[in-house]
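Scroll down for the structure; my scribbles are underneath it.
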Amino acid sequence: MAAGAEGRAQLIDYLASGVRPEADWKIGTEHEKFGFRTDDLRPPTFDGERGIEALLKGLMQFGWAAVEENGRVIALTRDDASVSLEPAGQLELSGGQLATLHDTCCEAAKHLKEVRTVAEPMGLGFLGMGFQPKWRRDEMPWMPKGRYKIMREYMPKVGSLGLDMMTRTSTVQVNLDVSSEADMVKKFRVSLALQPIATALFADSPFTEGKPNGYLSYRSHIWTDTDAGRTGLLDFVFEDGFGYERYVDYLLDVPMYFVYREGKYIDASGQSFRDYLDGRLPAYPGQRPTLKDWADHSTTAFPEVRLKKYLEMRGADSGPWNRICALSAFWVGLLYDQTALDAAWDLVRDFSLEERHALRDGVPRHAFKLPARIGSNRNGTVLDLARRALEISAHGLARRAKLNRNGADESIYLAPLLEFVDAGITPAERKLERFHGAWGGNIDRVFDEYAY
């Protein structure tokens, strides 16, 4: 039986138990991607010979083990990695805990090769972008997972774009370790303040239903009207005294979605985990939570940076395979080298609450062109901030001195981001140029030119 959560102090201890010495820090990379049928570009359903479940079963030839729900294969596991499904069948790799970015890039390449091996004979392809560029929300399939049914019914009660978040977005993120509570606090503040910079660097969702939508990262915009009770910049992280205790208080106030028991999801949407701790949860009366319930609940908060037993960077649109590596490289360079972390903190430490929110609110539409203060220079832009952040990250990766077989350090994985900054143009703007030029306004071309 799972260990019981006896009170608030135990919940705090659970989060704090993730602390690791620097020598044991790992890199965990996750990325999502849209599947499409190569003949008609429609997203594959769960069922059928060309369905997502068939794809998952096909991947088992590579040593993946099935995870079932109600007798259906809804995920795979291998070692400490998993392949899972987002609500509309977006295929996600949650990678293993790896020591270097070289390992991360090899892992991503291996996964994409395995997927391609199974998908091509099925007439399926996969595309990395932040938002589904062609299909309407009502044309997206739903995967038969119990938690998604609960979320699907709850989302329209708390925002207008939550169902779009579930069905039409894809992201890439990296999970990183901390060595102490103080280290967690500093990394949390730096990564929250710089998350809009990552959003700009990875902006790649400029189309909705085949047309430009006026945004460069529409995925990022969607989070502003999904569910205010579990999203956002978490201003309290910058307040004096912030630590694990304060984050637990935040999580306790995030409305619940469900309780998972004996293979079934109990709908507790909108109810209070505080009541659950006291044995007063309406959906599950007289029962108290386990630590597994607490771990599950922590995954239902969706701020720009999320704290579990580690920190998750959540601000980037999905993209091609080299930007999967680049996202992890950007944050590892900033946060896993103390000199770089100090320099990154110096870059953002005097941002006001208003400045942080102006970046968060403006970047989805304007990306690099958004005005931004840099120190005493009030005439800067997000492009200037991105250039400086990349410089800090590159030096941090060089100091880590993790070399591949050719003697190159991990800073090589920043190359696509440096290219965007040098050109002053985001991935989204490159696609818009293609759309208005060579593609002749035909969004179908994106599936030809940018599929994995």
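Simple scheme: letters A, B, ... for chains in structure tokens order, numbers from 1 for residues in each chain, numbers from 1 for ligands in the order shown.
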Could you build a table of the residues in region 61-129 of chain A lying no more than 9 Å from region 164-175 of chain A, giving for each the nearest pair of atoms and their separation in Å rounded to one decimal place, using only C-alpha atoms, ordered by chain and ascending residue number, as CSV?
residue,atom,partner,partner_atom,distance
A:Glu86,CA,A:Met166,CA,7.1
A:Pro87,CA,A:Met166,CA,5.6
A:Ala88,CA,A:Thr167,CA,4.7
A:Gly89,CA,A:Thr167,CA,7.9
A:Gln90,CA,A:Ser170,CA,7.1
A:Glu92,CA,A:Ser170,CA,8.8
A:Gln97,CA,A:Asn175,CA,8.9
A:Gly128,CA,A:Ser170,CA,7.4
A:Met129,CA,A:Ser170,CA,6.4
Could you write those residues out with N, CA and C atoms, as a PDB file, in the first residue's frame?
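File produced: result30.pdb:
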ATOM      1  N   GLU A  86      -0.449  12.521 -24.902  1.00  0.00           N
ATOM      2  CA  GLU A  86      -1.217  13.686 -24.507  1.00  0.00           C
ATOM      3  C   GLU A  86      -2.660  13.491 -24.978  1.00  0.00           C
ATOM      4  N   PRO A  87      -3.581  14.378 -24.604  1.00  0.00           N
ATOM      5  CA  PRO A  87      -5.009  14.098 -24.815  1.00  0.00           C
ATOM      6  C   PRO A  87      -5.435  13.783 -26.236  1.00  0.00           C
ATOM      7  N   ALA A  88      -4.838  14.435 -27.251  1.00  0.00           N
ATOM      8  CA  ALA A  88      -5.237  14.175 -28.630  1.00  0.00           C
ATOM      9  C   ALA A  88      -4.257  13.250 -29.345  1.00  0.00           C
ATOM     10  N   GLY A  89      -3.473  12.518 -28.576  1.00  0.00           N
ATOM     11  CA  GLY A  89      -2.549  11.572 -29.164  1.00  0.00           C
ATOM     12  C   GLY A  89      -1.168  12.116 -29.452  1.00  0.00           C
ATOM     13  N   GLN A  90      -0.884  13.369 -29.021  1.00  0.00           N
ATOM     14  CA  GLN A  90       0.488  13.851 -29.152  1.00  0.00           C
ATOM     15  C   GLN A  90       1.404  12.854 -28.435  1.00  0.00           C
ATOM     16  N   GLU A  92       4.596  11.597 -26.584  1.00  0.00           N
ATOM     17  CA  GLU A  92       5.605  12.227 -25.716  1.00  0.00           C
ATOM     18  C   GLU A  92       6.651  11.218 -25.290  1.00  0.00           C
ATOM     19  N   GLN A  97      17.022   9.800 -16.845  1.00  0.00           N
ATOM     20  CA  GLN A  97      17.890  10.731 -16.127  1.00  0.00           C
ATOM     21  C   GLN A  97      19.319  10.509 -16.619  1.00  0.00           C
ATOM     22  N   GLY A 128       7.078  18.349 -35.161  1.00  0.00           N
ATOM     23  CA  GLY A 128       7.337  19.107 -33.944  1.00  0.00           C
ATOM     24  C   GLY A 128       7.029  20.576 -34.140  1.00  0.00           C
ATOM     25  N   MET A 129       5.936  21.039 -33.563  1.00  0.00           N
ATOM     26  CA  MET A 129       5.574  22.459 -33.530  1.00  0.00           C
ATOM     27  C   MET A 129       4.827  22.719 -32.226  1.00  0.00           C
TER      28      MET A 129
END
Tell me, which residues of region 7-242 of chain A carry DSSP helix (DSSP H, G or I), written as JSON, numbers by chain?
{"A": [8, 9, 10, 11, 12, 13, 14, 15, 16, 22, 23, 24, 52, 53, 54, 55, 56, 57, 58, 59, 60, 61, 62, 101, 102, 103, 104, 105, 106, 107, 108, 109, 110, 111, 112, 113, 114, 115, 116, 117, 118, 119, 120, 121, 122, 137, 138, 139, 146, 147, 148, 149, 150, 151, 152, 153, 154, 155, 156, 157, 162, 163, 164, 165, 166, 167, 168, 181, 182, 183, 184, 185, 186, 187, 188, 189, 190, 191, 192, 193, 194, 195, 196, 197, 198, 199, 200, 201, 218, 219, 220, 221, 222, 223, 224, 225, 235, 236, 237, 238]}
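Minimum atom-to-atom distance to Leu233 (chain A), evaluated using only C-alpha atoms, belongs to A:Glu304 out of A:Glu419, A:Glu304, A:Glu410, A:Asp103.
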Under the rule of at most 9 Å, produce a per-residue listing of region 338-377 of chain A near region 182-199 of chain A: chain, number, name, the closest pair of atoms, and the distance in Å, as a Markdown table, using only C-alpha atoms.
| residue | atom | partner | partner_atom | distance |
| --- | --- | --- | --- | --- |
| A:Leu341 | CA | A:Lys187 | CA | 7.5 |
| A:Asp342 | CA | A:Lys186 | CA | 8.9 |
| A:Ala344 | CA | A:Val190 | CA | 6.6 |
| A:Trp345 | CA | A:Val190 | CA | 5.6 |
| A:Leu347 | CA | A:Val190 | CA | 8.8 |
| A:Val348 | CA | A:Ala193 | CA | 6.4 |
| A:Arg349 | CA | A:Val190 | CA | 7.8 |
| A:Phe351 | CA | A:Ala193 | CA | 7.9 |
| A:Arg356 | CA | A:Ala193 | CA | 6.3 |
| A:Leu359 | CA | A:Pro196 | CA | 6.1 |
| A:Arg360 | CA | A:Pro196 | CA | 5.4 |
| A:Asp361 | CA | A:Pro196 | CA | 8.7 |
| A:Gly362 | CA | A:Pro196 | CA | 8.8 |
| A:Val363 | CA | A:Pro196 | CA | 6.3 |
| A:Pro364 | CA | A:Thr199 | CA | 7.3 |
| A:Ala367 | CA | A:Thr199 | CA | 7.6 |
| A:Phe368 | CA | A:Ile197 | CA | 8.3 |
Distance in Å - CA of Lys309 (chain A) versus CA of Asp177 (chain A)
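Computing the Euclidean distance for CA of Lys309 (chain A) and CA of Asp177 (chain A) yields 7.9 Å.
Picture a line from CA of Arg323 (chain A) to CA of Thr299 (chain A); it runs 24.2 Å.
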With a cut-off of 12 Å, could you pull out the residues of region 69-128 of chain A touching region 12-24 of chain A and give me the nearest pair of atoms for each, distance in Å to one decimal, using only C-alpha atoms, ordered by chain and ascending number, as CSV?
residue,atom,partner,partner_atom,distance
A:Gln97,CA,A:Asp24,CA,10.2
A:Leu98,CA,A:Asp24,CA,10.0
A:Ala99,CA,A:Asp24,CA,8.2
A:Thr100,CA,A:Asp24,CA,11.3
Given only C-alpha atoms as the counted atoms, nearest of A:Thr117, A:Ser205, A:Thr45, A:Ser84 to Thr426 (chain A):
A:Ser205
Mind running region 82-143 of chain A against region 46-65 of chain A at 9 Å and telling me each contacting residue's nearest atom pair with the distance in Å (one decimal), counting only C-alpha atoms, chain and number ascending, as JSON lines?
{"residue": "A:Ser82", "atom": "CA", "partner": "A:Trp64", "partner_atom": "CA", "distance": 8.3}
{"residue": "A:Val83", "atom": "CA", "partner": "A:Leu56", "partner_atom": "CA", "distance": 8.3}
{"residue": "A:Ser84", "atom": "CA", "partner": "A:Leu56", "partner_atom": "CA", "distance": 8.9}
{"residue": "A:Leu85", "atom": "CA", "partner": "A:Ile52", "partner_atom": "CA", "distance": 8.7}
{"residue": "A:Ala88", "atom": "CA", "partner": "A:Phe46", "partner_atom": "CA", "distance": 8.8}
{"residue": "A:Gly89", "atom": "CA", "partner": "A:Ile52", "partner_atom": "CA", "distance": 6.8}
{"residue": "A:Leu91", "atom": "CA", "partner": "A:Ile52", "partner_atom": "CA", "distance": 8.5}
{"residue": "A:Glu114", "atom": "CA", "partner": "A:Leu59", "partner_atom": "CA", "distance": 6.9}
{"residue": "A:Val115", "atom": "CA", "partner": "A:Leu59", "partner_atom": "CA", "distance": 6.9}
{"residue": "A:Thr117", "atom": "CA", "partner": "A:Leu59", "partner_atom": "CA", "distance": 8.7}
{"residue": "A:Val118", "atom": "CA", "partner": "A:Gly58", "partner_atom": "CA", "distance": 6.0}
{"residue": "A:Ala119", "atom": "CA", "partner": "A:Leu55", "partner_atom": "CA", "distance": 6.6}
{"residue": "A:Met122", "atom": "CA", "partner": "A:Arg50", "partner_atom": "CA", "distance": 5.6}
{"residue": "A:Gly123", "atom": "CA", "partner": "A:Arg50", "partner_atom": "CA", "distance": 7.4}
{"residue": "A:Leu124", "atom": "CA", "partner": "A:Arg50", "partner_atom": "CA", "distance": 7.5}
{"residue": "A:Pro141", "atom": "CA", "partner": "A:Phe46", "partner_atom": "CA", "distance": 7.5}
{"residue": "A:Trp142", "atom": "CA", "partner": "A:Phe46", "partner_atom": "CA", "distance": 7.6}
{"residue": "A:Met143", "atom": "CA", "partner": "A:Phe46", "partner_atom": "CA", "distance": 6.0}
